[in-house]
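Visitor: Data: coords08.cif, mmCIF, C-alpha atoms and all ligand atoms.
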data_query
loop_
_atom_site.label_atom_id
_atom_site.label_comp_id
_atom_site.auth_asym_id
_atom_site.auth_seq_id
_atom_site.Cartn_x
_atom_site.Cartn_y
_atom_site.Cartn_z
CA MET A 1 -26.57 10.55 -15.77
CA SER A 2 -27.22 6.90 -15.02
CA HIS A 3 -28.42 4.70 -17.87
CA HIS A 4 -30.40 2.64 -15.45
CA LEU A 5 -33.35 4.99 -15.12
CA MET A 6 -36.39 4.42 -17.35
CA ASN A 7 -36.87 7.16 -19.90
CA THR A 8 -40.05 8.60 -18.49
CA TYR A 9 -38.82 12.17 -17.94
CA ALA A 10 -37.19 14.80 -20.13
CA ARG A 11 -34.76 15.84 -17.43
CA GLN A 12 -32.91 19.13 -17.43
CA PRO A 13 -29.15 18.56 -17.27
CA LEU A 14 -28.60 19.69 -13.72
CA THR A 15 -28.71 18.28 -10.23
CA PHE A 16 -29.47 20.17 -7.05
CA THR A 17 -27.67 19.49 -3.81
CA HIS A 18 -29.47 21.70 -1.30
CA GLY A 19 -31.88 24.54 -0.88
CA GLU A 20 -33.16 27.21 1.46
CA GLY A 21 -36.49 28.99 1.16
CA VAL A 22 -37.11 29.80 -2.52
CA TRP A 23 -33.47 29.14 -3.44
CA LEU A 24 -31.75 26.02 -4.74
CA TRP A 25 -28.05 25.28 -5.34
CA ASP A 26 -26.75 22.84 -7.94
CA ASP A 27 -23.68 20.62 -7.72
CA LYS A 28 -21.58 23.32 -9.34
CA GLY A 29 -22.50 25.83 -6.64
CA GLU A 30 -24.86 27.86 -8.88
CA LYS A 31 -27.87 29.44 -7.17
CA TYR A 32 -31.39 29.28 -8.69
CA LEU A 33 -34.69 31.02 -7.91
CA ASP A 34 -37.34 28.32 -7.60
CA ALA A 35 -40.73 29.35 -9.04
CA LEU A 36 -41.86 25.75 -9.45
CA ALA A 37 -41.50 24.36 -5.90
CA GLY A 38 -41.12 20.74 -7.00
CA VAL A 39 -44.36 21.18 -8.98
CA ALA A 40 -46.48 22.83 -6.29
CA VAL A 41 -45.12 20.59 -3.56
CA ASN A 42 -42.63 22.63 -1.52
CA GLY A 43 -45.03 25.23 -0.18
CA LEU A 44 -42.75 25.88 2.78
CA GLY A 45 -39.79 26.29 0.44
CA HIS A 46 -36.67 24.20 0.92
CA ALA A 47 -35.24 23.11 4.26
CA HIS A 48 -37.89 24.84 6.35
CA PRO A 49 -36.60 24.53 9.95
CA LYS A 50 -39.95 23.50 11.44
CA LEU A 51 -40.39 20.75 8.86
CA VAL A 52 -36.80 19.55 9.21
CA LYS A 53 -37.19 19.38 12.98
CA ALA A 54 -40.54 17.56 12.83
CA ILE A 55 -39.43 14.84 10.42
CA SER A 56 -36.02 14.40 12.09
CA GLU A 57 -37.65 13.90 15.46
CA GLN A 58 -40.29 11.58 14.01
CA ALA A 59 -37.69 9.52 12.10
CA ALA A 60 -35.77 9.01 15.32
CA LYS A 61 -38.92 7.68 16.99
CA LEU A 62 -40.92 5.72 14.39
CA ILE A 63 -41.19 5.85 10.61
CA HIS A 64 -43.63 3.09 9.78
CA VAL A 65 -45.76 0.52 11.53
CA SER A 66 -48.57 -0.26 9.01
CA ASN A 67 -52.27 0.38 9.35
CA ILE A 68 -52.70 -2.81 11.34
CA TYR A 69 -52.07 -0.64 14.43
CA GLY A 70 -53.13 2.75 15.70
CA ILE A 71 -51.07 5.67 14.40
CA ALA A 72 -51.28 8.77 16.61
CA GLU A 73 -49.80 11.13 13.98
CA GLN A 74 -52.33 9.91 11.39
CA GLU A 75 -55.22 10.53 13.77
CA ALA A 76 -53.92 14.00 14.59
CA LEU A 77 -53.53 14.89 10.90
CA ALA A 78 -57.01 13.56 10.06
CA ASP A 79 -58.49 15.66 12.89
CA LYS A 80 -56.63 18.74 11.70
CA LEU A 81 -57.59 18.27 8.02
CA CYS A 82 -61.25 17.82 8.92
CA LYS A 83 -61.16 20.86 11.19
CA ILE A 84 -59.78 23.16 8.49
CA SER A 85 -61.90 21.74 5.66
CA GLY A 86 -65.23 20.89 7.31
CA MET A 87 -64.98 17.37 5.90
CA ASP A 88 -65.77 14.32 8.09
CA LYS A 89 -63.34 11.51 7.28
CA VAL A 90 -59.96 10.92 5.69
CA PHE A 91 -58.28 8.02 3.91
CA PHE A 92 -54.50 8.43 3.63
CA CYS A 93 -52.41 7.27 0.68
CA ASN A 94 -49.12 8.37 -0.87
CA SER A 95 -49.80 10.51 -3.94
CA GLY A 96 -52.32 12.49 -5.93
CA CYS A 97 -53.29 9.73 -8.32
CA GLU A 98 -53.90 7.42 -5.39
CA ALA A 99 -56.10 10.01 -3.71
CA ASN A 100 -58.12 10.20 -6.93
CA GLU A 101 -58.18 6.40 -7.23
CA ALA A 102 -59.75 6.35 -3.78
CA ALA A 103 -62.30 8.97 -4.87
CA ILE A 104 -63.16 7.01 -8.03
CA LYS A 105 -63.57 3.76 -6.10
CA LEU A 106 -65.67 5.56 -3.51
CA ALA A 107 -67.97 6.97 -6.21
CA ARG A 108 -68.40 3.58 -7.86
CA LEU A 109 -69.19 1.92 -4.55
CA TYR A 110 -71.63 4.72 -3.75
CA GLY A 111 -73.33 3.96 -7.09
CA HIS A 112 -73.46 0.22 -6.52
CA ASN A 113 -74.91 0.80 -3.05
CA LYS A 114 -77.72 2.73 -4.78
CA GLY A 115 -78.30 -0.13 -7.20
CA ILE A 116 -76.52 1.45 -10.17
CA GLU A 117 -74.74 -1.44 -11.91
CA ASN A 118 -72.69 0.62 -14.35
CA PRO A 119 -71.84 3.88 -12.55
CA GLU A 120 -70.22 6.70 -14.51
CA ILE A 121 -68.31 9.78 -13.39
CA ILE A 122 -68.34 13.11 -15.23
CA VAL A 123 -64.82 14.42 -15.94
CA MET A 124 -63.49 17.45 -17.83
CA ASP A 125 -61.55 18.30 -20.96
CA LYS A 126 -57.98 19.43 -20.19
CA SER A 127 -58.12 17.92 -16.73
CA PHE A 128 -55.25 16.09 -15.05
CA HIS A 129 -55.86 13.48 -12.39
CA GLY A 130 -52.75 11.28 -12.51
CA ARG A 131 -50.96 8.47 -14.32
CA THR A 132 -52.49 5.27 -12.96
CA LEU A 133 -54.89 3.50 -15.30
CA ALA A 134 -58.09 4.86 -13.78
CA THR A 135 -56.74 8.37 -13.29
CA LEU A 136 -55.20 8.64 -16.77
CA SER A 137 -58.55 7.47 -18.13
CA ALA A 138 -60.21 10.29 -16.17
CA THR A 139 -57.60 12.78 -17.41
CA GLY A 140 -58.63 15.00 -20.34
CA ASN A 141 -55.37 14.87 -22.29
CA ARG A 142 -54.83 12.37 -25.08
CA LYS A 143 -51.04 12.52 -24.64
CA VAL A 144 -51.41 11.02 -21.18
CA GLN A 145 -53.67 8.22 -22.47
CA ALA A 146 -52.13 7.29 -25.84
CA GLY A 147 -50.71 3.78 -25.89
CA PHE A 148 -52.42 2.65 -22.71
CA GLU A 149 -55.72 1.56 -24.20
CA PRO A 150 -57.99 -0.09 -23.33
CA LEU A 151 -58.76 2.77 -20.97
CA VAL A 152 -60.79 2.28 -17.82
CA SER A 153 -64.44 2.84 -18.70
CA GLY A 154 -67.02 4.69 -16.66
CA PHE A 155 -66.08 8.30 -17.45
CA VAL A 156 -68.19 10.84 -19.34
CA ARG A 157 -66.24 13.83 -20.59
CA VAL A 158 -67.53 17.40 -20.91
CA PRO A 159 -65.81 20.76 -21.57
CA TYR A 160 -64.47 22.56 -18.48
CA ASP A 161 -66.44 25.52 -17.16
CA ASP A 162 -69.51 24.53 -19.19
CA ILE A 163 -72.59 24.04 -17.02
CA GLU A 164 -74.91 23.39 -19.96
CA ALA A 165 -72.83 20.39 -21.01
CA VAL A 166 -73.20 18.90 -17.52
CA LYS A 167 -76.95 19.52 -17.57
CA GLN A 168 -77.20 17.72 -20.89
CA VAL A 169 -75.48 14.66 -19.42
CA ALA A 170 -77.91 14.81 -16.50
CA SER A 171 -80.87 14.81 -18.88
CA ARG A 172 -79.68 11.90 -21.01
CA LYS A 173 -78.07 9.52 -18.48
CA ASN A 174 -79.38 7.92 -15.31
CA ASN A 175 -76.22 6.10 -14.24
CA VAL A 176 -74.02 9.09 -13.35
CA VAL A 177 -72.86 9.02 -9.72
CA ALA A 178 -70.33 11.86 -9.42
CA ILE A 179 -68.46 14.77 -10.94
CA LEU A 180 -64.67 14.82 -10.60
CA VAL A 181 -63.24 18.29 -11.25
CA GLU A 182 -60.30 20.55 -10.43
CA PRO A 183 -61.39 23.94 -8.98
CA VAL A 184 -58.57 25.44 -11.07
CA GLN A 185 -56.91 23.33 -13.76
CA GLY A 186 -53.17 23.24 -13.08
CA GLU A 187 -51.50 20.99 -15.67
CA GLY A 188 -54.16 22.07 -18.18
CA GLY A 189 -52.73 25.61 -18.16
CA ILE A 190 -53.93 27.45 -15.01
CA ASN A 191 -57.52 27.52 -16.26
CA ILE A 192 -59.71 29.44 -13.82
CA PRO A 193 -63.44 28.82 -14.25
CA ASN A 194 -66.26 31.29 -13.91
CA ARG A 195 -66.91 32.37 -10.31
CA ALA A 196 -70.27 30.58 -10.20
CA TYR A 197 -69.02 27.30 -11.72
CA LEU A 198 -68.52 25.25 -8.55
CA GLU A 199 -71.80 26.51 -7.08
CA ALA A 200 -73.63 25.48 -10.24
CA LEU A 201 -72.01 22.04 -10.18
CA ARG A 202 -73.03 21.69 -6.52
CA THR A 203 -76.65 22.49 -7.43
CA ILE A 204 -76.68 19.89 -10.22
CA CYS A 205 -75.12 17.27 -7.93
CA ASP A 206 -77.73 17.95 -5.25
CA ALA A 207 -80.58 17.75 -7.76
CA ASN A 208 -79.37 14.41 -9.12
CA GLY A 209 -77.92 12.69 -6.06
CA TRP A 210 -74.38 12.85 -7.45
CA LEU A 211 -71.19 13.34 -5.43
CA LEU A 212 -69.21 16.50 -6.07
CA MET A 213 -65.58 15.38 -5.97
CA LEU A 214 -62.93 18.09 -6.07
CA ASP A 215 -59.40 17.24 -7.12
CA GLU A 216 -57.52 19.72 -4.92
CA VAL A 217 -54.22 17.89 -5.31
CA GLN A 218 -52.63 21.04 -6.74
CA THR A 219 -55.02 23.78 -5.52
CA GLY A 220 -55.14 22.60 -1.88
CA ILE A 221 -52.97 23.37 1.17
CA GLY A 222 -52.93 27.15 0.86
CA ARG A 223 -51.91 27.35 -2.79
CA THR A 224 -54.79 29.59 -3.90
CA GLY A 225 -54.89 31.73 -0.74
CA THR A 226 -57.30 29.61 1.29
CA TRP A 227 -56.66 26.16 2.77
CA PHE A 228 -58.67 24.68 -0.09
CA SER A 229 -59.79 26.32 -3.27
CA PHE A 230 -63.49 25.58 -2.66
CA GLN A 231 -63.28 27.92 0.35
CA HIS A 232 -63.43 30.85 -2.08
CA THR A 233 -67.06 29.78 -2.57
CA ASP A 234 -69.99 29.00 -0.27
CA ILE A 235 -70.20 25.33 -1.21
CA MET A 236 -68.69 22.14 0.18
CA PRO A 237 -67.61 19.10 -1.82
CA ASP A 238 -68.64 15.56 -0.88
CA VAL A 239 -65.19 14.23 -1.66
CA MET A 240 -61.83 15.99 -1.96
CA SER A 241 -58.43 14.66 -2.96
CA LEU A 242 -55.16 16.16 -1.70
CA ALA A 243 -51.47 15.45 -2.13
CA LYS A 244 -48.79 17.75 -3.56
CA GLY A 245 -48.36 20.42 -0.86
CA LEU A 246 -49.61 18.29 2.02
CA GLY A 247 -46.31 16.71 3.05
CA SER A 248 -43.92 19.37 1.70
CA GLY A 249 -42.18 16.62 -0.30
CA VAL A 250 -42.60 13.66 2.00
CA PRO A 251 -45.00 11.53 -0.08
CA ILE A 252 -48.57 11.67 1.21
CA GLY A 253 -52.01 11.85 -0.34
CA ALA A 254 -55.45 12.04 1.20
CA CYS A 255 -59.03 11.43 0.13
CA LEU A 256 -61.49 13.31 2.32
CA ALA A 257 -65.24 12.74 2.40
CA ARG A 258 -68.25 14.29 4.04
CA GLY A 259 -71.75 13.21 5.08
CA MET A 260 -73.04 10.14 3.24
CA ALA A 261 -69.87 9.90 1.19
CA ALA A 262 -67.80 9.50 4.36
CA GLU A 263 -69.68 6.27 5.20
CA VAL A 264 -69.21 4.56 1.82
CA PHE A 265 -65.89 2.82 2.46
CA THR A 266 -66.31 0.08 5.00
CA TYR A 267 -63.92 -2.52 6.37
CA GLY A 268 -61.80 -4.15 3.67
CA LYS A 269 -62.88 -1.92 0.78
CA HIS A 270 -59.62 0.00 0.40
CA GLY A 271 -56.13 0.08 1.81
CA SER A 272 -52.51 1.14 1.49
CA THR A 273 -49.34 -0.26 3.06
CA PHE A 274 -47.55 3.07 3.48
CA GLY A 275 -50.60 5.34 3.56
CA GLY A 276 -50.65 7.67 6.55
CA ASN A 277 -47.46 6.41 8.15
CA PRO A 278 -46.03 8.32 11.12
CA LEU A 279 -43.29 10.07 9.13
CA ALA A 280 -45.56 11.30 6.35
CA CYS A 281 -48.20 12.45 8.81
CA ALA A 282 -45.63 14.27 10.95
CA ALA A 283 -44.62 16.10 7.76
CA GLY A 284 -48.27 16.89 7.04
CA LEU A 285 -48.89 18.23 10.53
CA ALA A 286 -45.73 20.35 10.47
CA THR A 287 -46.73 21.73 7.07
CA LEU A 288 -50.23 22.73 8.18
CA ASN A 289 -48.95 24.25 11.42
CA ALA A 290 -46.29 26.29 9.64
CA ILE A 291 -48.81 27.57 7.05
CA GLU A 292 -51.02 28.68 9.92
CA GLN A 293 -48.32 30.18 12.13
CA GLU A 294 -46.62 32.06 9.31
CA ASN A 295 -49.82 33.29 7.61
CA LEU A 296 -48.82 31.62 4.36
CA ARG A 297 -52.36 31.54 2.97
CA GLU A 298 -52.51 35.32 3.16
CA ASN A 299 -49.02 35.47 1.71
CA ALA A 300 -50.00 33.20 -1.20
CA GLU A 301 -52.92 35.47 -1.97
CA ASN A 302 -50.96 38.74 -1.65
CA ILE A 303 -47.76 37.69 -3.39
CA GLY A 304 -49.69 35.78 -6.07
CA ASN A 305 -51.74 38.88 -6.85
CA LEU A 306 -48.64 41.06 -6.78
CA ILE A 307 -46.88 38.77 -9.26
CA ARG A 308 -49.89 38.76 -11.59
CA ALA A 309 -50.32 42.54 -11.44
CA SER A 310 -46.60 43.12 -12.00
CA PHE A 311 -46.58 40.86 -15.06
CA GLU A 312 -49.69 42.61 -16.41
CA ALA A 313 -47.91 45.94 -16.08
CA GLU A 314 -44.75 44.55 -17.71
CA PHE A 315 -46.67 43.09 -20.66
CA LYS A 316 -49.10 45.96 -21.24
CA ASN A 317 -47.56 46.72 -24.62
CA THR A 318 -46.14 43.29 -25.38
CA LYS A 319 -47.70 41.62 -28.39
CA GLY A 320 -47.76 37.88 -27.99
CA VAL A 321 -48.87 37.79 -24.36
CA ILE A 322 -52.51 36.70 -24.44
CA ALA A 323 -53.27 36.72 -20.72
CA VAL A 324 -51.81 36.62 -17.24
CA ARG A 325 -53.98 34.89 -14.65
CA ASN A 326 -53.64 33.67 -11.10
CA ALA A 327 -55.45 31.96 -8.30
CA GLY A 328 -53.20 32.86 -5.38
CA MET A 329 -49.84 31.30 -6.13
CA MET A 330 -50.98 29.39 -9.21
CA ILE A 331 -49.90 31.77 -11.93
CA GLY A 332 -50.21 31.29 -15.69
CA ILE A 333 -48.84 33.44 -18.50
CA GLU A 334 -50.48 32.51 -21.78
CA LEU A 335 -48.59 33.33 -24.96
CA ASP A 336 -49.69 33.23 -28.58
CA ARG A 337 -47.24 30.44 -29.43
CA PRO A 338 -45.73 27.25 -27.97
CA CYS A 339 -43.16 28.29 -25.39
CA GLY A 340 -41.40 25.16 -24.16
CA ASP A 341 -38.05 26.76 -25.10
CA LEU A 342 -38.57 29.31 -22.33
CA VAL A 343 -37.85 26.64 -19.73
CA LYS A 344 -34.26 26.29 -20.98
CA MET A 345 -33.82 30.03 -21.33
CA ALA A 346 -35.00 30.49 -17.76
CA LEU A 347 -32.64 27.79 -16.55
CA GLU A 348 -29.73 29.67 -18.11
CA ALA A 349 -30.95 32.74 -16.23
CA LYS A 350 -30.97 30.63 -13.01
CA LEU A 351 -34.74 30.54 -12.76
CA LEU A 352 -36.97 27.45 -12.46
CA ILE A 353 -40.34 27.55 -14.25
CA ASN A 354 -42.30 25.12 -16.36
CA VAL A 355 -44.62 24.94 -19.31
CA THR A 356 -47.32 22.30 -19.23
CA ALA A 357 -49.99 23.28 -21.69
CA ASP A 358 -47.88 24.18 -24.72
CA LYS A 359 -48.47 27.94 -24.67
CA VAL A 360 -48.78 28.59 -20.94
CA VAL A 361 -45.89 29.34 -18.58
CA ARG A 362 -46.82 27.93 -15.19
CA LEU A 363 -45.50 29.37 -11.93
CA VAL A 364 -46.27 27.68 -8.63
CA PRO A 365 -43.66 29.21 -6.31
CA PRO A 366 -43.19 28.27 -2.66
CA LEU A 367 -45.87 29.92 -0.50
CA VAL A 368 -43.08 31.51 1.56
CA MET A 369 -41.91 33.73 -1.32
CA ASN A 370 -41.51 37.35 -0.16
CA GLU A 371 -41.99 40.60 -2.05
CA ALA A 372 -38.33 41.09 -2.99
CA GLU A 373 -38.12 37.54 -4.34
CA ALA A 374 -41.38 38.01 -6.25
CA LYS A 375 -40.02 41.18 -7.84
CA GLU A 376 -36.86 39.38 -8.86
CA LEU A 377 -38.98 36.61 -10.41
CA VAL A 378 -41.08 39.10 -12.38
CA SER A 379 -38.09 41.11 -13.54
CA LYS A 380 -36.12 38.05 -14.71
CA LEU A 381 -39.01 36.29 -16.37
CA SER A 382 -40.56 39.27 -18.12
CA THR A 383 -37.20 40.07 -19.71
CA LEU A 384 -36.94 36.47 -20.90
CA ILE A 385 -40.47 36.42 -22.29
CA LYS A 386 -39.95 39.70 -24.13
CA THR A 387 -36.72 38.34 -25.65
CA PHE A 388 -38.49 35.10 -26.55
CA LEU A 389 -41.36 36.92 -28.28
CA ALA A 390 -39.17 39.48 -30.06
C1 LIG A 401 -50.20 16.37 -9.79
C2 LIG A 401 -51.65 16.13 -9.85
C3 LIG A 401 -52.19 14.83 -9.72
C4 LIG A 401 -51.33 13.59 -9.63
O1 LIG A 401 -50.55 13.56 -8.49
P1 LIG A 401 -49.38 12.46 -8.35
O2 LIG A 401 -48.90 12.66 -6.95
O3 LIG A 401 -48.35 12.79 -9.38
O4 LIG A 401 -49.98 11.13 -8.59
C5 LIG A 401 -53.56 14.69 -9.71
N1 LIG A 401 -54.38 15.76 -9.83
C6 LIG A 401 -53.90 17.01 -9.96
C7 LIG A 401 -54.86 18.15 -10.05
C8 LIG A 401 -52.53 17.24 -9.99
O5 LIG A 401 -52.06 18.48 -10.15
#
Once you've parsed the file, please lay out its structure as structure tokens.

Guide:
Amino acid sequence: MSHHLMNTYARQPLTFTHGEGVWLWDDKGEKYLDALAGVAVNGLGHAHPKLVKAISEQAAKLIHVSNIYGIAEQEALADKLCKISGMDKVFFCNSGCEANEAAIKLARLYGHNKGIENPEIIVMDKSFHGRTLATLSATGNRKVQAGFEPLVSGFVRVPYDDIEAVKQVASRKNNVVAILVEPVQGEGGINIPNRAYLEALRTICDANGWLLMLDEVQTGIGRTGTWFSFQHTDIMPDVMSLAKGLGSGVPIGACLARGMAAEVFTYGKHGSTFGGNPLACAAGLATLNAIEQENLRENAENIGNLIRASFEAEFKNTKGVIAVRNAGMMIGIELDRPCGDLVKMALEAKLLINVTADKVVRLVPPLVMNEAEAKELVSKLSTLIKTFLA
């Protein structure tokens, strides 16, 4: 490996050369089952023909022109995203942290417009919002923050899935302008809140004039079985951030807003050189169209539930497995001990998984995974986990 890369990643000692669907091949010709999908990015799997065609054709026409000019693909993607989400307006950027940066700036500006000089945003324990200064400050994980102080101020932290804690903040502070929350915590360990959580947050936001801002960077784009995770409820957010699955690996992020929130950014308040360029937006459009045409939301729901139920059956008598949970194709297996070593064991068994929250195995497979592939995943991984726990 090159010595000229900064040491920011603990890389596994292998390099992939190509892929197809849920399969990847390394430079030694070994074949792997991919249950990580580039960390919830490759929803269409690898080398999906419709995506390949769309970005090849777009690259041959126009890759980038800047936001100084009209961009037809960006307009089409904004229209499509608003149609499937019910949101009103979109700002395009290049990643999840940038989408959240946009949301945070929007909330602060919204506060200042209301005469709040020192606006604060409620954020959650165990959350993950990115690695830029503002988003790592919003993130509820000391490991992400340590060494980067002074952190960006203006965040109030409460436990996840705890409505009382939010109500207490509402009763003691008058400068809160928004709540930023993941509908399901991904990096935090596939934490699925109570069914009524988002509805209750919506009610508190309405009562206090706060914006409800959902970080759907990981949960969005079909991952949980609906286009967006909030669509499992009856509520709408005011702001929503997207990235990971949106471009199937071509970098793109988006901050969507609705109603009053959609009017907050005015000329000159935000920008991005690459954001929403023709290539990225062509990838976004091809991704959304393929999800629709191939019923991948339904597949995410069905296969995700099948995987969870199969693991539950496998682990019925296995001491050491605390819980198996899923929201569509976000699947977590919580053990009674740290399980980082499982990643290496899985690699040796030609299976890609990861562990983010110490004791939780996280699976975010491509949305295109079929039943046979899901069964292979469950069979391989449950054997490994049983060996690991024995
Ligand atoms: C991955 C992730 C981010 C950060 O996205 P980047 O593209 O790495 O900046 C933000 N929020 C959530 C919920 C994520 O899962």

Visitor: Taking all atoms listed in the file into account, which of A:Gly189, A:Gly253, A:Gly21, A:Gly45 comes nearest ligand LIG 401 (chain A)?

Guide: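 Of the candidates, the smallest distance to ligand LIG 401 (chain A) is held by A:Gly253.
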
Visitor: Starting from the point (-44.7, 36.3, -7.5), work out which residues of protein, DNA or RNA have an atom no more than 9 Å away when counting all atoms listed in the file; state them as a list in words.

Guide: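 Here the neighbourhood of the point contains Ala35, Ala300, Asn302, Ile303, Gly304, Asn305, Leu306, Ile307, Arg308, Ser310, Met329, Ile331, Leu363, Val364, Pro365, Met369, Asn370, Glu371, Glu373, Ala374, Lys375, Glu376, Leu377 and Val378 of chain A.
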
Visitor: With distances taken over only C-alpha atoms, which of A:Pro183, A:Glu348, A:Thr139, A:Glu263 is nearest to Lys380 in chain A?

Guide: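 Using only C-alpha atoms, the shortest distance to Lys380 in chain A belongs to A:Glu348.
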
Visitor: Go through A:Leu296, A:Leu214, A:Ala59, A:Ala280 one by one, measure the shortest atom-to-atom distance of each to ligand LIG 401 (chain A) using all atoms listed in the file, and give the residue with the smallest value.

Guide: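 Among the listed residues, A:Leu214 lies closest to ligand LIG 401 (chain A).
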
Visitor: Tell me, in Å to one decimal, how far CA of Thr233 in chain A is from CA of Ala76 in chain A.

Guide: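 Straight-line distance from CA of Thr233 in chain A to CA of Ala76 in chain A works out to 26.8 Å.
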
Visitor: Pick out the closest residue to Gly259 in chain A from this set: A:Ile121, A:Ala138, A:Leu246, A:Met236. Count only C-alpha atoms.

Guide: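 Under the stated criterion, the closest residue is A:Met236.
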
Visitor: Could you list, as number ranges by chain, all residues that come within 7 Å of ligand LIG 401 (chain A)? Count only C-alpha atoms and all ligand atoms.

Guide: A: 95-98, 100, 128-131, 182, 185-187, 215-218, 243-244

Visitor: Between CA of Glu101 in chain A and CA of Thr132 in chain A, measure the distance and give it in Å to one decimal.

Guide: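 One can read the CA of Glu101 in chain A to CA of Thr132 in chain A distance as 8.2 Å.
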
Visitor: Please list as JSON, numbers by chain every residue within 10 Å of Gly140 in chain A, counting all atoms listed in the file and excluding residues in the same chain fewer than 6 positions away.

Guide: {"A": [123, 124, 125, 126, 127, 128, 129, 157, 158, 159, 160, 188]}

Visitor: Would you mind listing what lies within 12 Å of range 194-206 of chain A as a JSON list (two decimals) with C-alpha atoms, in the frame of the given file, with only C-alpha atoms counted and same-chain residues fewer than 4 positions away left out?

Guide:
[["chain", "number", "residue", "atom", "x", "y", "z"],
["A", 121, "ILE", "CA", -68.31, 9.78, -13.39],
["A", 122, "ILE", "CA", -68.34, 13.11, -15.23],
["A", 123, "VAL", "CA", -64.82, 14.42, -15.94],
["A", 160, "TYR", "CA", -64.47, 22.56, -18.48],
["A", 161, "ASP", "CA", -66.44, 25.52, -17.16],
["A", 162, "ASP", "CA", -69.51, 24.53, -19.19],
["A", 163, "ILE", "CA", -72.59, 24.04, -17.02],
["A", 164, "GLU", "CA", -74.91, 23.39, -19.96],
["A", 165, "ALA", "CA", -72.83, 20.39, -21.01],
["A", 166, "VAL", "CA", -73.20, 18.90, -17.52],
["A", 167, "LYS", "CA", -76.95, 19.52, -17.57],
["A", 168, "GLN", "CA", -77.20, 17.72, -20.89],
["A", 169, "VAL", "CA", -75.48, 14.66, -19.42],
["A", 170, "ALA", "CA", -77.91, 14.81, -16.50],
["A", 171, "SER", "CA", -80.87, 14.81, -18.88],
["A", 176, "VAL", "CA", -74.02, 9.09, -13.35],
["A", 177, "VAL", "CA", -72.86, 9.02, -9.72],
["A", 178, "ALA", "CA", -70.33, 11.86, -9.42],
["A", 179, "ILE", "CA", -68.46, 14.77, -10.94],
["A", 180, "LEU", "CA", -64.67, 14.82, -10.60],
["A", 181, "VAL", "CA", -63.24, 18.29, -11.25],
["A", 182, "GLU", "CA", -60.30, 20.55, -10.43],
["A", 183, "PRO", "CA", -61.39, 23.94, -8.98],
["A", 184, "VAL", "CA", -58.57, 25.44, -11.07],
["A", 210, "TRP", "CA", -74.38, 12.85, -7.45],
["A", 211, "LEU", "CA", -71.19, 13.34, -5.43],
["A", 212, "LEU", "CA", -69.21, 16.50, -6.07],
["A", 213, "MET", "CA", -65.58, 15.38, -5.97],
["A", 214, "LEU", "CA", -62.93, 18.09, -6.07],
["A", 229, "SER", "CA", -59.79, 26.32, -3.27],
["A", 230, "PHE", "CA", -63.49, 25.58, -2.66],
["A", 231, "GLN", "CA", -63.28, 27.92, 0.35],
["A", 232, "HIS", "CA", -63.43, 30.85, -2.08],
["A", 233, "THR", "CA", -67.06, 29.78, -2.57],
["A", 234, "ASP", "CA", -69.99, 29.00, -0.27],
["A", 235, "ILE", "CA", -70.20, 25.33, -1.21],
["A", 236, "MET", "CA", -68.69, 22.14, 0.18],
["A", 237, "PRO", "CA", -67.61, 19.10, -1.82],
["A", 238, "ASP", "CA", -68.64, 15.56, -0.88],
["A", 239, "VAL", "CA", -65.19, 14.23, -1.66],
["A", 327, "ALA", "CA", -55.45, 31.96, -8.30]]

Visitor: Just give me the residues with any atom within 7 Å of (-55.7, 30.0, -1.1), file coordinates, counting all atoms listed in the file, written as a list in words.

Guide: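 So the residues meeting the distance criterion are Gly222, Arg223, Thr224, Gly225, Thr226, Trp227, Phe228, Ser229, Arg297, Ala300, Glu301 and Gly328 of chain A.
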
Visitor: So what do you get for CA of Glu120 in chain A versus CA of Ala262 in chain A, distance-wise?

Guide: 19.2 Å

Visitor: For a quick check of understanding, using only C-alpha atoms, which of A:Lys89, A:His48, A:Lys269, A:Lys83 has the smallest distance to Leu109 in chain A?

Guide: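 Between A:Lys89, A:His48, A:Lys269, A:Lys83, the residue approaching Leu109 in chain A most closely is A:Lys269.
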
Visitor: Would you list the contacts of Phe148 in chain A as number ranges by chain, taking every protein, DNA or RNA residue within 12 Å and counting all atoms listed in the file, but skipping same-chain residues closer than 4 positions in sequence?

Guide: A: 131-137, 142-144, 152

Visitor: Write a file of the selected residues as a PDB file, keeping the file's coordinate frame, keeping C-alpha atoms.

Guide:
ATOM      1  CA  ARG A 131     -50.960   8.470 -14.320  1.00  0.00           C
ATOM      2  CA  THR A 132     -52.490   5.270 -12.960  1.00  0.00           C
ATOM      3  CA  LEU A 133     -54.890   3.500 -15.300  1.00  0.00           C
ATOM      4  CA  ALA A 134     -58.090   4.860 -13.780  1.00  0.00           C
ATOM      5  CA  THR A 135     -56.740   8.370 -13.290  1.00  0.00           C
ATOM      6  CA  LEU A 136     -55.200   8.640 -16.770  1.00  0.00           C
ATOM      7  CA  SER A 137     -58.550   7.470 -18.130  1.00  0.00           C
ATOM      8  CA  ARG A 142     -54.830  12.370 -25.080  1.00  0.00           C
ATOM      9  CA  LYS A 143     -51.040  12.520 -24.640  1.00  0.00           C
ATOM     10  CA  VAL A 144     -51.410  11.020 -21.180  1.00  0.00           C
ATOM     11  CA  VAL A 152     -60.790   2.280 -17.820  1.00  0.00           C
TER      12      VAL A 152
END

Visitor: Find the residue from A:Ile63, A:Val343, A:Leu36, A:Val361 that sits nearest to Ala323 in chain A; use only C-alpha atoms when measuring.

Guide: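 Closest candidate: A:Val361.
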
Visitor: Please identify all polymer residues within 10 Å of Asn67 in chain A, counting all atoms listed in the file, omitting same-chain residues fewer than 3 positions from it, and present them as JSON, numbers by chain.

Guide: {"A": [64, 70, 71, 74, 271, 272, 273, 274, 275, 276, 277]}
